[in-house]
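Dropping target_1.pdb in here (PDB, C-alpha atoms and all ligand atoms):
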ATOM      1  CA  MET A 116       0.000   0.000   0.000  1.00  0.00           C
ATOM      2  CA  MET A 117       1.284   3.444  -0.923  1.00  0.00           C
ATOM      3  CA  SER A 118       1.968   6.006   1.743  1.00  0.00           C
ATOM      4  CA  ASP A 119      -0.175   9.155   1.972  1.00  0.00           C
ATOM      5  CA  THR A 120       2.756  11.203   3.199  1.00  0.00           C
ATOM      6  CA  ALA A 121       4.781  11.551   0.024  1.00  0.00           C
ATOM      7  CA  THR A 122       7.319  14.319   0.216  1.00  0.00           C
ATOM      8  CA  MET A 123       7.154  17.070  -2.340  1.00  0.00           C
ATOM      9  CA  PRO A 124      10.208  19.115  -3.267  1.00  0.00           C
ATOM     10  CA  VAL A 125       9.992  22.596  -1.793  1.00  0.00           C
ATOM     11  CA  VAL A 126      10.616  25.325  -4.329  1.00  0.00           C
ATOM     12  CA  GLN A 127      12.106  28.468  -2.895  1.00  0.00           C
ATOM     13  CA  PRO A 128      11.764  31.749  -4.855  1.00  0.00           C
ATOM     14  CA  VAL A 129      15.026  33.220  -6.032  1.00  0.00           C
ATOM     15  CA  PRO A 130      15.494  36.824  -4.933  1.00  0.00           C
ATOM     16  CA  ILE A 131      16.155  39.280  -7.758  1.00  0.00           C
ATOM     17  CA  PRO A 132      18.318  42.245  -6.785  1.00  0.00           C
ATOM     18  CA  VAL A 133      16.818  45.697  -7.307  1.00  0.00           C
ATOM     19  CA  ASP A 134      19.828  46.693  -9.440  1.00  0.00           C
ATOM     20  CA  ALA A 135      18.899  44.054 -12.012  1.00  0.00           C
ATOM     21  CA  LEU A 136      15.261  45.171 -12.106  1.00  0.00           C
ATOM     22  CA  LEU A 137      15.835  48.920 -12.218  1.00  0.00           C
ATOM     23  CA  LEU A 138      16.969  49.117 -15.844  1.00  0.00           C
ATOM     24  CA  TRP A 139      14.056  46.954 -17.008  1.00  0.00           C
ATOM     25  CA  ALA A 140      11.611  49.015 -14.945  1.00  0.00           C
ATOM     26  CA  VAL A 141      12.871  52.228 -16.566  1.00  0.00           C
ATOM     27  CA  PHE A 142      12.663  50.621 -20.027  1.00  0.00           C
ATOM     28  CA  ALA A 143       9.127  49.361 -19.384  1.00  0.00           C
ATOM     29  CA  GLY A 144       8.109  52.805 -18.116  1.00  0.00           C
ATOM     30  CA  LEU A 145       9.440  54.492 -21.241  1.00  0.00           C
ATOM     31  CA  MET A 146       7.636  51.974 -23.466  1.00  0.00           C
ATOM     32  CA  LEU A 147       4.423  52.579 -21.499  1.00  0.00           C
ATOM     33  CA  ILE A 148       4.748  56.351 -21.895  1.00  0.00           C
ATOM     34  CA  LEU A 149       5.428  55.917 -25.614  1.00  0.00           C
ATOM     35  CA  ALA A 150       2.385  53.661 -25.993  1.00  0.00           C
ATOM     36  CA  VAL A 151       0.156  56.123 -24.113  1.00  0.00           C
ATOM     37  CA  TYR A 152       1.454  58.924 -26.345  1.00  0.00           C
ATOM     38  CA  PHE A 153       0.728  57.039 -29.564  1.00  0.00           C
ATOM     39  CA  VAL A 154      -2.708  55.919 -28.422  1.00  0.00           C
ATOM     40  CA  GLY A 155      -3.735  59.168 -26.786  1.00  0.00           C
ATOM     41  CA  ALA A 156      -2.027  62.081 -28.495  1.00  0.00           C
ATOM     42  CA  GLU A 157      -0.604  61.090 -31.881  1.00  0.00           C
ATOM     43  CA  GLN A 158      -3.015  63.120 -33.958  1.00  0.00           C
ATOM     44  CA  GLY A 159      -3.580  66.653 -35.172  1.00  0.00           C
ATOM     45  CA  ALA A 160      -1.262  69.348 -33.798  1.00  0.00           C
ATOM     46  CA  THR A 161       0.640  66.917 -31.547  1.00  0.00           C
ATOM     47  CA  SER A 162       1.337  64.450 -34.353  1.00  0.00           C
ATOM     48  CA  LEU A 163       4.997  63.503 -34.813  1.00  0.00           C
ATOM     49  CA  ILE A 164       4.449  61.213 -37.782  1.00  0.00           C
ATOM     50  CA  SER A 165       2.721  62.709 -40.795  1.00  0.00           C
ATOM     51  CA  GLY A 166      -0.220  60.928 -42.314  1.00  0.00           C
ATOM     52  CA  MET A 167      -3.026  58.970 -40.715  1.00  0.00           C
ATOM     53  CA  TYR A 168      -1.384  55.532 -40.501  1.00  0.00           C
ATOM     54  CA  VAL A 169      -0.509  55.629 -36.783  1.00  0.00           C
ATOM     55  CA  HIS A 170      -3.799  57.328 -35.946  1.00  0.00           C
ATOM     56  CA  GLU A 171      -5.799  54.643 -37.713  1.00  0.00           C
ATOM     57  CA  PHE A 172      -3.629  51.842 -36.299  1.00  0.00           C
ATOM     58  CA  VAL A 173      -4.409  52.782 -32.676  1.00  0.00           C
ATOM     59  CA  HIS A 174      -7.868  54.190 -33.356  1.00  0.00           C
ATOM     60  CA  ASP A 175      -9.892  51.449 -31.652  1.00  0.00           C
ATOM     61  CA  GLY A 176      -7.618  51.563 -28.620  1.00  0.00           C
ATOM     62  CA  ARG A 177      -8.082  55.317 -28.387  1.00  0.00           C
ATOM     63  CA  HIS A 178     -11.862  54.967 -28.263  1.00  0.00           C
ATOM     64  CA  LEU A 179     -11.662  51.979 -25.919  1.00  0.00           C
ATOM     65  CA  LEU A 180      -9.571  53.936 -23.414  1.00  0.00           C
ATOM     66  CA  GLY A 181     -11.719  57.066 -23.681  1.00  0.00           C
ATOM     67  CA  PHE A 182      -9.204  59.456 -25.246  1.00  0.00           C
ATOM     68  CA  PRO A 183     -10.798  62.243 -27.269  1.00  0.00           C
ATOM     69  CA  CYS A 184     -10.707  61.566 -30.977  1.00  0.00           C
ATOM     70  CA  HIS A 185     -13.297  62.896 -33.423  1.00  0.00           C
TER      71      HIS A 185
HETATM   72 ZN    ZN B   1     -12.065  58.098 -33.465  1.00  0.00          ZN
END

Target format structure tokens, applied to this file:
Amino acid sequence: MMSDTATMPVVQPVPIPVDALLLWAVFAGLMLILAVYFVGAEQGATSLISGMYVHEFVHDGRHLLGFPCH
């Protein structure tokens, strides 16, 4: 008969030093700010890229997130 008290290996989380996370956190923050800019403000007078391609590409996201559009 098999025992009910089988031992399971205990997995311990590996600590990640803050130094290693800081650069990735800054990078992720910049990407987030860039994404918010393109979704929320890349149109009209604040447009950095001429044409309507970027505007149309993020258009549904703009309406979904409630940014003013048209
Ligand atoms: Zn719109």

Counting only C-alpha atoms and all ligand atoms, what residues are within 6 Å of ligand ZN 1 (chain B), given as JSON, numbers by chain?
-> {"A": [174, 184, 185]}

A:Phe182 surroundings by all atoms listed in the file, 7 Å radius, close-in-sequence under 3 positions cut, as a VMD selection string | chain A and resid 155 177 to 178

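When the distance limit is 10 Å and only C-alpha atoms are what count, the residues near A:Ala156, minus those fewer than 5 positions from it on the same chain, are Ala150, Val151, Thr161, Ser162, Leu163, His170, Arg177, Phe182, Pro183 and Cys184 of chain A.
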
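Atom to atom, atom CA of A:Met167 and atom CA of A:Leu147 stand 21.6 Å apart.
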
Between atom CA of A:Leu180 and atom CA of A:Met146, distance in Å (one decimal) | 17.3 Å

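If all atoms listed in the file are the atoms counted, then among A:Val154, A:Val129, A:Leu136, A:Ile164 the closest residue to A:Gly176 is A:Val154.
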
Can you work out the spacing between atom CA of A:Gly159 and atom CA of A:Val173 in Å, to one decimal?
-> 14.1 Å
